[in-house]
file coords-v2.tsv (TSV, C-alpha atoms)
chain	number	residue	atom	x	y	z
A	900	MET	CA	-10.77	289.50	36.76
A	901	LEU	CA	-7.11	289.53	37.76
A	902	ASN	CA	-4.68	291.29	35.44
A	903	HIS	CA	-1.92	288.90	34.31
A	904	THR	CA	0.52	291.81	33.86
A	905	MET	CA	0.59	292.37	37.64
A	906	THR	CA	3.38	291.09	39.87
A	907	LEU	CA	2.81	288.11	42.13
A	908	SER	CA	2.71	290.34	45.17
A	909	GLU	CA	0.08	292.56	43.51
A	910	HIS	CA	-2.00	289.49	42.66
A	911	TYR	CA	-2.02	288.50	46.30
A	912	GLN	CA	-2.90	292.00	47.46
A	913	LEU	CA	-5.87	292.03	45.11
A	914	ALA	CA	-6.92	288.62	46.40
A	915	ARG	CA	-6.89	289.99	49.96
A	916	GLU	CA	-9.05	292.92	48.86
A	917	MET	CA	-11.47	290.49	47.22
A	918	LEU	CA	-11.71	288.56	50.48
A	919	GLU	CA	-12.41	291.76	52.41
A	920	THR	CA	-15.01	293.10	50.01
A	921	GLY	CA	-16.50	289.90	48.63
A	922	LYS	CA	-16.25	291.30	45.10
A	923	GLU	CA	-15.78	287.99	43.28
A	924	VAL	CA	-18.89	287.98	41.07
A	925	PRO	CA	-18.99	285.44	38.20
A	926	LEU	CA	-19.56	286.97	34.78
A	927	PRO	CA	-22.81	285.76	33.15
A	928	PHE	CA	-21.22	284.02	30.17
A	929	MET	CA	-23.49	282.42	27.57
A	930	LYS	CA	-26.71	283.86	29.01
A	931	GLY	CA	-29.42	284.66	26.48
A	932	PHE	CA	-30.38	283.28	23.07
A	933	PRO	CA	-27.90	284.21	21.75
A	934	ALA	CA	-25.61	285.56	24.44
A	935	GLU	CA	-24.40	289.11	24.04
A	936	PRO	CA	-21.15	289.23	21.99
A	937	GLU	CA	-19.00	290.36	24.93
A	938	LEU	CA	-20.19	287.32	26.96
A	939	ARG	CA	-20.28	284.78	24.14
A	940	VAL	CA	-17.80	281.89	24.38
A	941	THR	CA	-16.78	280.33	21.06
A	942	TRP	CA	-14.26	277.95	19.57
A	943	SER	CA	-12.09	280.97	18.78
A	944	ASN	CA	-11.96	282.51	22.28
A	945	TRP	CA	-12.57	279.68	24.78
A	946	MET	CA	-8.88	279.46	25.75
A	947	HIS	CA	-8.50	283.23	26.29
A	948	PRO	CA	-9.44	285.24	29.40
A	949	PRO	CA	-12.03	285.96	30.58
A	950	PHE	CA	-13.87	283.47	28.34
A	951	ASN	CA	-11.73	280.55	29.57
A	952	ARG	CA	-13.52	280.60	32.94
A	953	TRP	CA	-16.60	279.28	31.14
A	954	GLY	CA	-14.84	277.50	28.27
A	955	PHE	CA	-12.67	275.28	30.45
A	956	ARG	CA	-15.71	273.70	32.07
A	957	HIS	CA	-17.92	273.46	28.96
A	958	LEU	CA	-15.60	272.33	26.17
A	959	ALA	CA	-17.99	269.59	25.09
A	960	ARG	CA	-20.51	272.29	24.10
A	961	LEU	CA	-17.98	273.79	21.70
A	962	ARG	CA	-16.03	270.84	20.24
A	963	PRO	CA	-16.58	267.13	19.43
A	964	SER	CA	-15.79	264.82	22.32
A	965	ILE	CA	-15.41	261.14	23.22
A	966	SER	CA	-17.09	259.98	26.44
A	967	VAL	CA	-15.40	257.86	29.08
A	968	PHE	CA	-18.31	256.00	30.69
A	969	ALA	CA	-18.63	256.36	34.46
A	970	GLY	CA	-20.38	253.03	34.90
A	971	SER	CA	-23.94	252.21	35.88
A	972	ALA	CA	-23.52	251.67	39.61
A	973	GLY	CA	-23.72	255.36	40.50
A	974	ALA	CA	-21.28	257.55	42.36
A	975	ASP	CA	-19.81	256.26	45.58
A	976	VAL	CA	-20.26	258.38	48.69
A	977	LEU	CA	-17.24	260.45	49.69
A	978	GLU	CA	-17.18	261.23	53.39
A	979	SER	CA	-15.99	264.62	54.63
A	980	SER	CA	-13.92	265.61	57.64
A	981	PRO	CA	-13.30	269.33	57.00
A	982	LEU	CA	-10.06	270.92	58.15
A	983	PRO	CA	-9.42	274.70	58.39
A	984	LEU	CA	-6.93	274.91	55.53
A	985	ASP	CA	-8.09	278.37	54.35
A	986	SER	CA	-5.62	280.04	56.70
A	987	LEU	CA	-2.67	277.66	56.25
A	988	HIS	CA	0.36	279.75	55.26
A	989	PHE	CA	3.24	279.21	52.85
A	990	THR	CA	5.95	281.48	51.47
A	991	SER	CA	5.48	282.67	47.90
A	992	THR	CA	8.38	282.83	45.46
A	993	CYS	CA	7.95	286.61	45.64
A	994	GLY	CA	8.65	286.47	49.41
A	995	ASP	CA	5.08	287.15	50.58
A	996	ASP	CA	3.49	285.13	53.34
A	997	VAL	CA	0.36	283.77	51.64
A	998	THR	CA	-2.62	281.76	52.83
A	999	VAL	CA	-4.16	278.89	50.90
A	1000	LEU	CA	-7.35	280.84	50.23
A	1001	GLU	CA	-5.42	283.89	49.05
A	1002	HIS	CA	-3.50	281.73	46.61
A	1003	LEU	CA	-6.63	279.98	45.35
A	1004	LEU	CA	-8.17	283.35	44.51
A	1005	ALA	CA	-5.00	284.85	43.05
A	1006	SER	CA	-4.36	281.79	40.85
A	1007	HIS	CA	-7.84	281.88	39.25
A	1008	THR	CA	-8.90	278.62	40.86
A	1009	ASP	CA	-12.23	277.21	39.73
A	1010	ALA	CA	-12.28	274.22	42.07
A	1011	PHE	CA	-9.93	272.73	44.67
A	1012	LEU	CA	-10.07	269.56	46.75
A	1013	VAL	CA	-7.87	267.84	49.31
A	1014	MET	CA	-8.56	264.22	50.24
A	1015	GLN	CA	-6.83	262.23	52.96
A	1016	GLN	CA	-7.40	258.50	53.44
A	1017	GLY	CA	-10.49	258.69	51.28
A	1018	ARG	CA	-12.13	261.57	53.17
A	1019	ILE	CA	-12.51	265.07	51.78
A	1020	VAL	CA	-10.81	267.43	54.19
A	1021	TYR	CA	-11.11	270.57	52.04
A	1022	GLU	CA	-13.25	271.48	49.03
A	1023	ARG	CA	-13.90	274.87	47.48
A	1024	TYR	CA	-15.56	276.12	44.28
A	1025	PHE	CA	-15.16	279.55	42.68
A	1026	GLN	CA	-16.55	281.67	39.86
A	1027	GLY	CA	-19.75	279.70	39.55
A	1028	GLN	CA	-18.24	276.23	39.08
A	1029	GLN	CA	-20.44	273.49	40.51
A	1030	ALA	CA	-19.52	270.07	41.86
A	1031	ASN	CA	-21.02	268.37	38.80
A	1032	ASP	CA	-19.15	270.51	36.26
A	1033	ARG	CA	-16.43	268.85	34.18
A	1034	HIS	CA	-13.27	270.92	33.76
A	1035	ILE	CA	-10.49	270.40	31.24
A	1036	MET	CA	-7.29	269.12	32.83
A	1037	PHE	CA	-4.95	269.92	29.90
A	1038	SER	CA	-1.59	268.14	30.39
A	1039	VAL	CA	-2.73	266.23	33.45
A	1040	THR	CA	-4.08	264.07	30.61
A	1041	LYS	CA	-0.48	263.11	29.76
A	1042	SER	CA	-0.06	261.49	33.15
A	1043	LEU	CA	-3.25	259.47	32.72
A	1044	ILE	CA	-1.87	258.23	29.38
A	1045	GLY	CA	1.45	257.42	31.05
A	1046	LEU	CA	-0.35	255.43	33.75
A	1047	LEU	CA	-2.26	253.45	31.11
A	1048	ALA	CA	0.94	252.83	29.13
A	1049	GLU	CA	2.73	251.50	32.21
A	1050	GLN	CA	-0.23	249.22	32.86
A	1051	LEU	CA	0.02	247.83	29.32
A	1052	ILE	CA	3.70	247.17	30.01
A	1053	SER	CA	2.81	245.35	33.25
A	1054	GLU	CA	0.30	243.22	31.31
A	1055	GLY	CA	2.90	242.32	28.69
A	1056	LYS	CA	0.98	244.08	25.91
A	1057	LEU	CA	3.57	246.82	25.35
A	1058	ASP	CA	7.35	246.49	25.24
A	1059	ASP	CA	9.07	249.64	26.49
A	1060	ARG	CA	12.38	248.49	24.91
A	1061	ALA	CA	10.88	248.33	21.43
A	1062	LEU	CA	11.20	251.17	18.94
A	1063	THR	CA	8.27	253.33	17.96
A	1064	LEU	CA	8.66	252.19	14.35
A	1065	ASP	CA	7.98	248.61	15.46
A	1066	TYR	CA	4.42	249.65	16.24
A	1067	ILE	CA	3.83	252.49	13.78
A	1068	PRO	CA	5.44	252.08	10.34
A	1069	GLU	CA	3.81	255.36	9.28
A	1070	LEU	CA	6.38	257.19	11.43
A	1071	ALA	CA	9.33	256.10	9.29
A	1072	GLY	CA	11.52	259.15	8.69
A	1073	SER	CA	9.98	261.11	11.55
A	1074	ALA	CA	11.60	262.20	14.81
A	1075	PHE	CA	10.02	259.27	16.60
A	1076	ALA	CA	10.95	256.34	14.35
A	1077	ASP	CA	14.05	255.18	16.26
A	1078	ALA	CA	12.95	256.36	19.71
A	1079	SER	CA	12.18	253.62	22.22
A	1080	ILE	CA	8.84	253.44	23.97
A	1081	ARG	CA	10.66	254.23	27.24
A	1082	GLN	CA	12.07	257.39	25.66
A	1083	LEU	CA	8.53	258.40	24.67
A	1084	LEU	CA	7.36	257.78	28.23
A	1085	ASP	CA	10.16	259.86	29.73
A	1086	MET	CA	10.09	262.79	27.22
A	1087	ALA	CA	13.57	261.97	25.96
A	1088	VAL	CA	13.01	262.25	22.21
A	1089	GLY	CA	15.42	264.34	20.14
A	1090	ILE	CA	12.99	266.43	18.13
A	1091	ALA	CA	12.79	269.84	16.50
A	1092	TYR	CA	9.81	271.17	18.43
A	1093	SER	CA	9.03	274.38	20.28
A	1094	GLU	CA	6.32	274.43	22.96
A	1095	VAL	CA	5.53	278.14	22.39
A	1096	TYR	CA	1.82	278.74	22.73
A	1097	ASP	CA	1.60	282.31	21.44
A	1098	ASP	CA	3.48	281.73	18.17
A	1099	PRO	CA	1.03	280.63	15.43
A	1100	ALA	CA	3.85	278.98	13.46
A	1101	SER	CA	5.32	276.97	16.38
A	1102	GLU	CA	5.10	273.21	16.40
A	1103	SER	CA	2.87	273.33	19.48
A	1104	SER	CA	0.48	275.68	17.67
A	1105	GLN	CA	0.42	273.33	14.69
A	1106	TYR	CA	-0.42	270.60	17.17
A	1107	GLY	CA	-3.32	272.73	18.44
A	1108	TYR	CA	-4.71	273.13	14.92
A	1109	ALA	CA	-4.35	269.42	14.08
A	1110	CYS	CA	-6.16	268.29	17.22
A	1111	GLY	CA	-8.92	270.90	17.01
A	1112	PHE	CA	-8.10	272.99	20.08
A	1113	GLN	CA	-8.35	276.16	18.03
A	1114	PRO	CA	-9.33	277.18	14.51
A	1115	THR	CA	-6.51	277.06	11.98
A	1116	PRO	CA	-5.47	280.56	10.83
A	1117	SER	CA	-5.32	281.21	7.12
A	1118	GLY	CA	-2.03	279.98	5.70
A	1119	TYR	CA	-1.50	277.23	8.29
A	1120	GLU	CA	-3.90	274.61	6.90
A	1121	GLN	CA	-1.60	271.60	6.61
A	1122	TYR	CA	-2.84	268.71	8.73
A	1123	ARG	CA	-6.37	267.37	9.09
A	1124	SER	CA	-5.64	265.12	12.07
A	1125	LEU	CA	-2.95	264.20	14.56
A	1126	TYR	CA	-2.43	261.08	12.47
A	1127	GLU	CA	-1.28	263.37	9.65
A	1128	TYR	CA	0.62	265.84	11.82
A	1129	LEU	CA	2.79	263.50	13.92
A	1130	PRO	CA	4.73	261.95	10.97
A	1131	SER	CA	5.74	265.47	9.85
A	1132	LEU	CA	7.94	266.15	12.90
A	1133	ARG	CA	11.68	265.79	12.39
A	1134	LYS	CA	14.56	264.57	14.53
A	1135	ASN	CA	17.07	266.91	16.18
A	1136	GLY	CA	20.00	265.12	17.83
A	1137	GLU	CA	20.01	261.73	19.48
A	1138	HIS	CA	17.41	260.35	21.85
A	1139	GLY	CA	17.87	259.81	25.58
A	1140	GLY	CA	19.75	261.37	28.48
A	1141	PHE	CA	17.69	264.57	28.67
A	1142	PHE	CA	14.18	265.89	29.36
A	1143	HIS	CA	12.45	267.71	26.49
A	1144	TYR	CA	8.75	268.38	27.14
A	1145	VAL	CA	6.81	267.85	23.90
A	1146	THR	CA	3.05	267.32	23.83
A	1147	ALA	CA	3.31	265.57	20.46
A	1148	THR	CA	5.47	262.90	22.11
A	1149	THR	CA	2.52	261.93	24.29
A	1150	GLU	CA	0.32	261.69	21.21
A	1151	VAL	CA	2.81	259.27	19.63
A	1152	LEU	CA	2.86	257.25	22.85
A	1153	ALA	CA	-0.94	257.08	22.67
A	1154	TRP	CA	-0.76	255.95	19.04
A	1155	VAL	CA	1.64	253.18	20.05
A	1156	MET	CA	-0.77	252.16	22.81
A	1157	GLU	CA	-3.65	252.03	20.32
A	1158	ARG	CA	-1.67	249.70	18.07
A	1159	ALA	CA	-0.42	247.54	20.95
A	1160	SER	CA	-3.81	247.11	22.63
A	1161	GLY	CA	-6.20	247.43	19.70
A	1162	GLN	CA	-8.18	250.02	21.67
A	1163	PRO	CA	-8.31	253.83	21.79
A	1164	CYS	CA	-7.02	255.41	24.98
A	1165	ALA	CA	-10.54	256.50	25.91
A	1166	ARG	CA	-11.56	252.86	26.20
A	1167	LEU	CA	-8.40	251.95	28.14
A	1168	LEU	CA	-9.21	254.67	30.67
A	1169	GLU	CA	-12.89	253.69	30.72
A	1170	ALA	CA	-11.98	250.22	32.01
A	1171	ILE	CA	-10.77	251.99	35.16
A	1172	TRP	CA	-13.08	255.03	35.23
A	1173	SER	CA	-16.22	252.89	35.14
A	1174	GLU	CA	-15.10	250.94	38.21
A	1175	ILE	CA	-14.16	253.64	40.75
A	1176	GLY	CA	-17.55	255.14	41.60
A	1177	CYS	CA	-17.36	258.24	39.42
A	1178	GLN	CA	-20.27	260.68	39.40
A	1179	ARG	CA	-20.07	261.58	35.69
A	1180	ASP	CA	-18.59	260.39	32.45
A	1181	GLY	CA	-15.26	261.99	31.69
A	1182	TYR	CA	-14.52	262.97	28.11
A	1183	PHE	CA	-11.67	263.52	25.69
A	1184	LEU	CA	-11.57	266.23	23.06
A	1185	ALA	CA	-11.81	264.52	19.65
A	1186	ASP	CA	-9.56	265.59	16.80
A	1187	PRO	CA	-11.07	266.13	13.30
A	1188	TRP	CA	-10.73	262.41	12.53
A	1189	GLY	CA	-12.39	261.39	15.80
A	1190	ARG	CA	-9.20	260.46	17.64
A	1191	ASN	CA	-9.00	261.18	21.39
A	1192	VAL	CA	-6.55	264.01	22.13
A	1193	ALA	CA	-4.17	262.28	24.54
A	1194	GLY	CA	-1.71	265.08	25.26
A	1195	ALA	CA	-4.09	267.65	26.74
A	1196	GLY	CA	-7.73	266.82	26.08
A	1197	PHE	CA	-9.38	265.15	29.11
A	1198	SER	CA	-12.16	266.76	31.17
A	1199	ALA	CA	-13.74	265.51	34.41
A	1200	THR	CA	-15.34	266.69	37.64
A	1201	LEU	CA	-13.17	267.70	40.57
A	1202	ARG	CA	-14.27	264.78	42.72
A	1203	ASP	CA	-13.84	262.23	39.93
A	1204	MET	CA	-10.26	263.33	39.41
A	1205	ALA	CA	-9.78	262.85	43.16
A	1206	ARG	CA	-11.28	259.36	42.90
A	1207	LEU	CA	-8.71	258.43	40.27
A	1208	GLY	CA	-5.95	259.89	42.43
A	1209	ARG	CA	-7.17	257.83	45.39
A	1210	LEU	CA	-7.00	254.68	43.29
A	1211	ILE	CA	-3.31	255.39	42.69
A	1212	ALA	CA	-2.78	256.22	46.38
A	1213	CYS	CA	-4.30	252.83	47.19
A	1214	GLN	CA	-1.78	251.07	44.94
A	1215	GLY	CA	-4.37	250.40	42.23
A	1216	SER	CA	-6.98	248.73	44.43
A	1217	TYR	CA	-10.63	249.84	44.66
A	1218	GLN	CA	-12.89	248.02	47.11
A	1219	GLY	CA	-10.66	244.96	46.95
A	1220	LYS	CA	-10.44	244.86	43.15
A	1221	MET	CA	-7.09	245.47	41.48
A	1222	LEU	CA	-7.64	247.89	38.61
A	1223	ILE	CA	-3.99	248.93	38.23
A	1224	SER	CA	-1.15	246.65	39.18
A	1225	THR	CA	0.96	247.56	42.18
A	1226	GLU	CA	4.03	247.09	39.99
A	1227	THR	CA	2.75	249.79	37.61
A	1228	ILE	CA	2.54	252.35	40.41
A	1229	ARG	CA	5.81	251.24	41.98
A	1230	ARG	CA	7.59	251.71	38.65
A	1231	ILE	CA	6.26	255.28	38.31
A	1232	ALA	CA	6.94	256.18	41.96
A	1233	LYS	CA	10.56	255.07	41.64
A	1234	GLY	CA	11.12	258.14	39.49
A	1235	ALA	CA	14.09	258.77	37.23
A	1236	ASP	CA	17.42	260.57	37.49
A	1237	PRO	CA	16.73	263.98	39.11
A	1238	ALA	CA	19.90	265.38	37.51
A	1239	ILE	CA	18.41	264.88	34.03
A	1240	TYR	CA	15.30	266.80	35.00
A	1241	ALA	CA	17.30	269.48	36.86
A	1242	ALA	CA	19.20	270.27	33.66
A	1243	ASN	CA	15.97	271.65	32.21
A	1244	THR	CA	15.87	274.78	34.36
A	1245	GLU	CA	12.56	276.00	32.92
A	1246	PHE	CA	10.82	273.00	34.48
A	1247	SER	CA	13.03	272.24	37.47
A	1248	SER	CA	12.59	275.77	38.84
A	1249	TRP	CA	8.84	275.05	38.90
A	1250	THR	CA	9.20	271.64	40.57
A	1251	PRO	CA	12.59	271.60	42.34
A	1252	GLY	CA	13.74	268.19	43.47
A	1253	ALA	CA	11.53	266.26	41.06
A	1254	SER	CA	12.36	263.83	38.29
A	1255	TYR	CA	10.22	262.94	35.28
A	1256	THR	CA	9.17	259.47	34.22
A	1257	SER	CA	6.15	257.78	32.67
A	1258	GLN	CA	4.66	261.24	31.97
A	1259	TRP	CA	4.62	262.05	35.71
A	1260	TYR	CA	6.59	264.48	37.87
A	1261	VAL	CA	7.94	262.38	40.74
A	1262	PHE	CA	9.31	263.47	44.11
A	1263	ALA	CA	10.75	260.03	44.84
A	1264	GLU	CA	12.14	260.74	48.30
A	1265	SER	CA	8.74	261.76	49.65
A	1266	GLN	CA	6.82	259.33	47.40
A	1267	GLN	CA	4.79	262.09	45.79
A	1268	LEU	CA	3.47	262.03	42.23
A	1269	MET	CA	2.26	265.11	40.38
A	1270	ALA	CA	0.50	265.76	37.10
A	1271	GLY	CA	0.31	269.35	35.89
A	1272	GLY	CA	-1.42	271.19	33.07
A	1273	ILE	CA	-1.36	274.67	31.58
A	1274	HIS	CA	-3.57	277.40	33.06
A	1275	GLY	CA	-3.21	275.83	36.52
A	1276	GLN	CA	-4.45	272.21	36.49
A	1277	TYR	CA	-3.02	269.75	39.04
A	1278	LEU	CA	-3.40	266.21	40.31
A	1279	PHE	CA	-1.09	265.50	43.25
A	1280	ILE	CA	-0.76	262.21	45.12
A	1281	ASP	CA	1.21	261.54	48.30
A	1282	LEU	CA	1.55	257.76	48.40
A	1283	GLN	CA	2.95	257.59	51.94
A	1284	LYS	CA	0.27	259.75	53.54
A	1285	ASP	CA	-2.62	258.74	51.23
A	1286	ILE	CA	-3.28	262.35	50.24
A	1287	VAL	CA	-4.82	263.49	46.96
A	1288	VAL	CA	-5.04	267.13	45.82
A	1289	VAL	CA	-6.86	268.35	42.71
A	1290	LYS	CA	-6.75	271.90	41.40
A	1291	GLN	CA	-8.79	273.13	38.43
A	1292	SER	CA	-8.07	276.67	37.31
A	1293	ALA	CA	-8.43	279.27	34.57
A	1294	LEU	CA	-5.22	281.28	34.75
A	1295	PRO	CA	-5.11	283.91	31.99
A	1296	THR	CA	-1.76	282.64	30.66
A	1297	ALA	CA	-0.72	279.07	29.90
A	1298	VAL	CA	2.36	279.22	32.14
A	1299	GLY	CA	3.65	281.87	34.51
A	1300	ASP	CA	5.02	282.87	37.89
A	1301	MET	CA	1.93	281.62	39.73
A	1302	ASP	CA	2.73	278.00	38.82
A	1303	SER	CA	5.66	277.62	41.24
A	1304	ASP	CA	3.48	278.94	44.05
A	1305	SER	CA	0.75	276.41	43.24
A	1306	VAL	CA	3.23	273.56	43.63
A	1307	ALA	CA	4.60	275.07	46.84
A	1308	MET	CA	1.10	275.46	48.26
A	1309	ILE	CA	0.08	271.89	47.40
A	1310	ARG	CA	3.22	270.41	48.91
A	1311	THR	CA	2.81	272.60	52.02
A	1312	ILE	CA	-0.70	271.24	52.48
A	1313	ALA	CA	0.58	267.67	52.14
A	1314	SER	CA	3.34	268.22	54.68
A	1315	SER	CA	0.87	269.77	57.13
A	1316	LEU	CA	-1.49	266.78	57.22
call {"tool": "encode", "arguments": {"input": "coords-v2.tsv", "output": "structure tokens"}}
result
Amino acid sequence: MLNHTMTLSEHYQLAREMLETGKEVPLPFMKGFPAEPELRVTWSNWMHPPFNRWGFRHLARLRPSISVFAGSAGADVLESSPLPLDSLHFTSTCGDDVTVLEHLLASHTDAFLVMQQGRIVYERYFQGQQANDRHIMFSVTKSLIGLLAEQLISEGKLDDRALTLDYIPELAGSAFADASIRQLLDMAVGIAYSEVYDDPASESSQYGYACGFQPTPSGYEQYRSLYEYLPSLRKNGEHGGFFHYVTATTEVLAWVMERASGQPCARLLEAIWSEIGCQRDGYFLADPWGRNVAGAGFSATLRDMARLGRLIACQGSYQGKMLISTETIRRIAKGADPAIYAANTEFSSWTPGASYTSQWYVFAESQQLMAGGIHGQYLFIDLQKDIVVVKQSALPTAVGDMDSDSVAMIRTIASSL
């Protein structure tokens, strides 16, 4: 296991040693009846290393979930035309010259796939992950919700100029009441909220308790569901003209979508998922009231995430059937004002040159869309070149120095094809 206190350069050196010695041996988590305590993955430890390497691909064994049906037609066949991307080089933010394979090892990758024009050109699995395993995508889920919201707008079922309160009277007095749906989509809500994962009192930690990601510590038992938690958040300043990343904002967007469509987000996604030849059902984490966790709770196989990415790369068409309108994808790909995103240096240093809209990171000039999640999850789509990249990982920390390198590597791969 890689030590997260090491420097980037030291991570890469250890990865090179692993390649030379072949020492990457998966730990036998959850073997035995019961498993030995030091190898037992539970609700309490599944998000912490080294247990996350098993927990991220088996969340449905630990927590309630809501299936997203893959359809009855069976998985479509994905053709392969392998390319030698292992040795493709890019420059790390630490200055090292790094290969793709070195980065995949150093960044605790569990599975990685590159697809071009519908063909798999690169696919690797690590640490015992199998092609049929479903891996949590964390905040990549936000982008799926954003896609579905934009589709509801295209269908005339959701008005992005309306206020949140128009759909959800229960949010009167909350931070979200007078925010427009477009401001929800673009993370432009003035709210008192800290996305600090290691502070048990932070708003993001309270979010984690309310949605069931982790057990609630003694003294923090306040909300039994996201439906109870979201109205408790308070406004800070005016809405609009900035980018403030708040997972709870996505949950409010999902609540609005539920009210507008009369369906949970899991069913909205299922209408697409069941039509694109997926190999397995996806699933959402369910909160204690059985609500799908829309901000960070979706799990799927590597190839199925690539199938969804390909649908977007094909402008919403699958085998001649329009599942997402072209206008929906065009609206997302247009992006937003890069200067607004650049003002948030914490994020813009990770994805320089991007803007943020519809819950997606958009590189408008190169027509590239990216969804990213904590611990190293990515869905990347190059619309011009018809390239899809999926990365599923188990980094020991939620965010860190390795994240910028992951984006650099993915974009280097896209530019090389």
call {"tool": "closest_atom_pairs", "arguments": {"input": "coords-v2.tsv", "of": "region 1066-1148 of chain A", "to": "region 1234-1249 of chain A", "cutoff": "9 Å", "atoms": "all atoms listed in the file", "output": "tab-separated table"}}
result
residue	atom	partner	partner_atom	distance
A:Asp1085	CA	A:Ala1235	CA	8.5
A:Gly1140	CA	A:Ile1239	CA	6.7
A:Phe1141	CA	A:Ile1239	CA	5.4
A:Phe1142	CA	A:Tyr1240	CA	5.8
A:His1143	CA	A:Asn1243	CA	7.8
A:Tyr1144	CA	A:Phe1246	CA	8.9
call {"tool": "residues_around", "arguments": {"input": "coords-v2.tsv", "residues": "region 1108-1117 of chain A", "least_positions_apart": "2", "cutoff": "8 Å", "atoms": "all atoms listed in the file", "output": "PDB file with C-alpha atoms, keeping the file's coordinate frame"}}
result
ATOM      1  CA  TRP A 942     -14.260 277.950  19.570  1.00  0.00           C
ATOM      2  CA  SER A 943     -12.090 280.970  18.780  1.00  0.00           C
ATOM      3  CA  ARG A 962     -16.030 270.840  20.240  1.00  0.00           C
ATOM      4  CA  PRO A1099       1.030 280.630  15.430  1.00  0.00           C
ATOM      5  CA  SER A1104       0.480 275.680  17.670  1.00  0.00           C
ATOM      6  CA  GLN A1105       0.420 273.330  14.690  1.00  0.00           C
ATOM      7  CA  TYR A1106      -0.420 270.600  17.170  1.00  0.00           C
ATOM      8  CA  TYR A1119      -1.500 277.230   8.290  1.00  0.00           C
ATOM      9  CA  GLU A1120      -3.900 274.610   6.900  1.00  0.00           C
ATOM     10  CA  TYR A1122      -2.840 268.710   8.730  1.00  0.00           C
ATOM     11  CA  ARG A1123      -6.370 267.370   9.090  1.00  0.00           C
ATOM     12  CA  SER A1124      -5.640 265.120  12.070  1.00  0.00           C
ATOM     13  CA  LEU A1125      -2.950 264.200  14.560  1.00  0.00           C
ATOM     14  CA  TYR A1128       0.620 265.840  11.820  1.00  0.00           C
ATOM     15  CA  ALA A1185     -11.810 264.520  19.650  1.00  0.00           C
ATOM     16  CA  ASP A1186      -9.560 265.590  16.800  1.00  0.00           C
ATOM     17  CA  PRO A1187     -11.070 266.130  13.300  1.00  0.00           C
ATOM     18  CA  VAL A1192      -6.550 264.010  22.130  1.00  0.00           C
TER      19      VAL A1192
END
call {"tool": "atom_distance", "arguments": {"input": "coords-v2.tsv", "atom1": "CA of Met1014 (chain A)", "atom2": "CA of Ser1198 (chain A)"}}
result
19.6 Å
call {"tool": "closest_residue", "arguments": {"input": "coords-v2.tsv", "among": "A:Ala1270, A:Leu984, A:Met1156, A:Ala1253", "to": "Ile1080 (chain A)", "atoms": "all atoms listed in the file"}}
result
A:Met1156
call {"tool": "residues_around", "arguments": {"input": "coords-v2.tsv", "residues": "region 989-995 of chain A", "least_positions_apart": "4", "cutoff": "7 Å", "atoms": "all atoms listed in the file", "output": "list in words"}}
result
Leu907, Ser908, Asp1304, Met1308 and Thr1311 of chain A
call {"tool": "atom_distance", "arguments": {"input": "coords-v2.tsv", "atom1": "CA of Ala972 (chain A)", "atom2": "CA of Ile1286 (chain A)"}}
result
25.2 Å
call {"tool": "closest_atom_pairs", "arguments": {"input": "coords-v2.tsv", "of": "region 1010-1038 of chain A", "to": "region 1169-1178 of chain A", "cutoff": "12 Å", "atoms": "all atoms listed in the file", "output": "JSON lines"}}
result
{"residue": "A:Ala1030", "atom": "CA", "partner": "A:Gln1178", "partner_atom": "CA", "distance": 9.7}
{"residue": "A:Asn1031", "atom": "CA", "partner": "A:Gln1178", "partner_atom": "CA", "distance": 7.7}
{"residue": "A:Asp1032", "atom": "CA", "partner": "A:Gln1178", "partner_atom": "CA", "distance": 10.4}
{"residue": "A:Arg1033", "atom": "CA", "partner": "A:Gln1178", "partner_atom": "CA", "distance": 10.4}
call {"tool": "axis_aligned_box", "arguments": {"input": "coords-v2.tsv", "around": "region 1233-1236 of chain A", "padding_each_side": "6 Å", "output": "lines of an AutoDock Vina configuration file"}}
result
center_x = 14.0
center_y = 257.8
center_z = 39.4
size_x = 18.9
size_y = 17.5
size_z = 16.4
call {"tool": "closest_residue", "arguments": {"input": "coords-v2.tsv", "among": "A:Gln1291, A:Thr1227, A:Ser1160, A:Gln1283", "to": "Tyr1024 (chain A)", "atoms": "all atoms listed in the file"}}
result
A:Gln1291
call {"tool": "closest_residue", "arguments": {"input": "coords-v2.tsv", "among": "A:Leu913, A:Val1261, A:Ile1067, A:Ala1205", "to": "Ser1006 (chain A)", "atoms": "only C-alpha atoms"}}
result
A:Leu913
call {"tool": "atom_distance", "arguments": {"input": "coords-v2.tsv", "atom1": "CA of Leu1268 (chain A)", "atom2": "CA of Ile1280 (chain A)"}}
result
5.1 Å
call {"tool": "residues_around", "arguments": {"input": "coords-v2.tsv", "residues": "Asn1135 (chain A)", "least_positions_apart": "3", "cutoff": "7 Å", "atoms": "only C-alpha atoms", "output": "PDB file with C-alpha atoms, keeping the file's coordinate frame"}}
result
ATOM      1  CA  GLY A1089      15.420 264.340  20.140  1.00  0.00           C
ATOM      2  CA  ILE A1090      12.990 266.430  18.130  1.00  0.00           C
ATOM      3  CA  ALA A1091      12.790 269.840  16.500  1.00  0.00           C
TER       4      ALA A1091
END
call {"tool": "closest_residue", "arguments": {"input": "coords-v2.tsv", "among": "A:Cys1164, A:Lys930, A:Val1155, A:Trp1259", "to": "Lys1056 (chain A)", "atoms": "all atoms listed in the file"}}
result
A:Val1155
call {"tool": "residues_around", "arguments": {"input": "coords-v2.tsv", "residues": "Phe1279 (chain A)", "least_positions_apart": "6", "cutoff": "8 Å", "atoms": "all atoms listed in the file", "output": "compact mmCIF listing (two decimals) with C-alpha atoms, in the coordinates of the input"}}
result
# COMPACT_ATOMS: atom_id res chain seq x y z
CA GLY A 1208 -5.95 259.89 42.43
CA GLN A 1267 4.79 262.09 45.79
CA LEU A 1268 3.47 262.03 42.23
CA MET A 1269 2.26 265.11 40.38
CA ALA A 1270 0.50 265.76 37.10
CA ILE A 1286 -3.28 262.35 50.24
CA VAL A 1287 -4.82 263.49 46.96
CA VAL A 1288 -5.04 267.13 45.82
CA VAL A 1289 -6.86 268.35 42.71
CA ILE A 1309 0.08 271.89 47.40
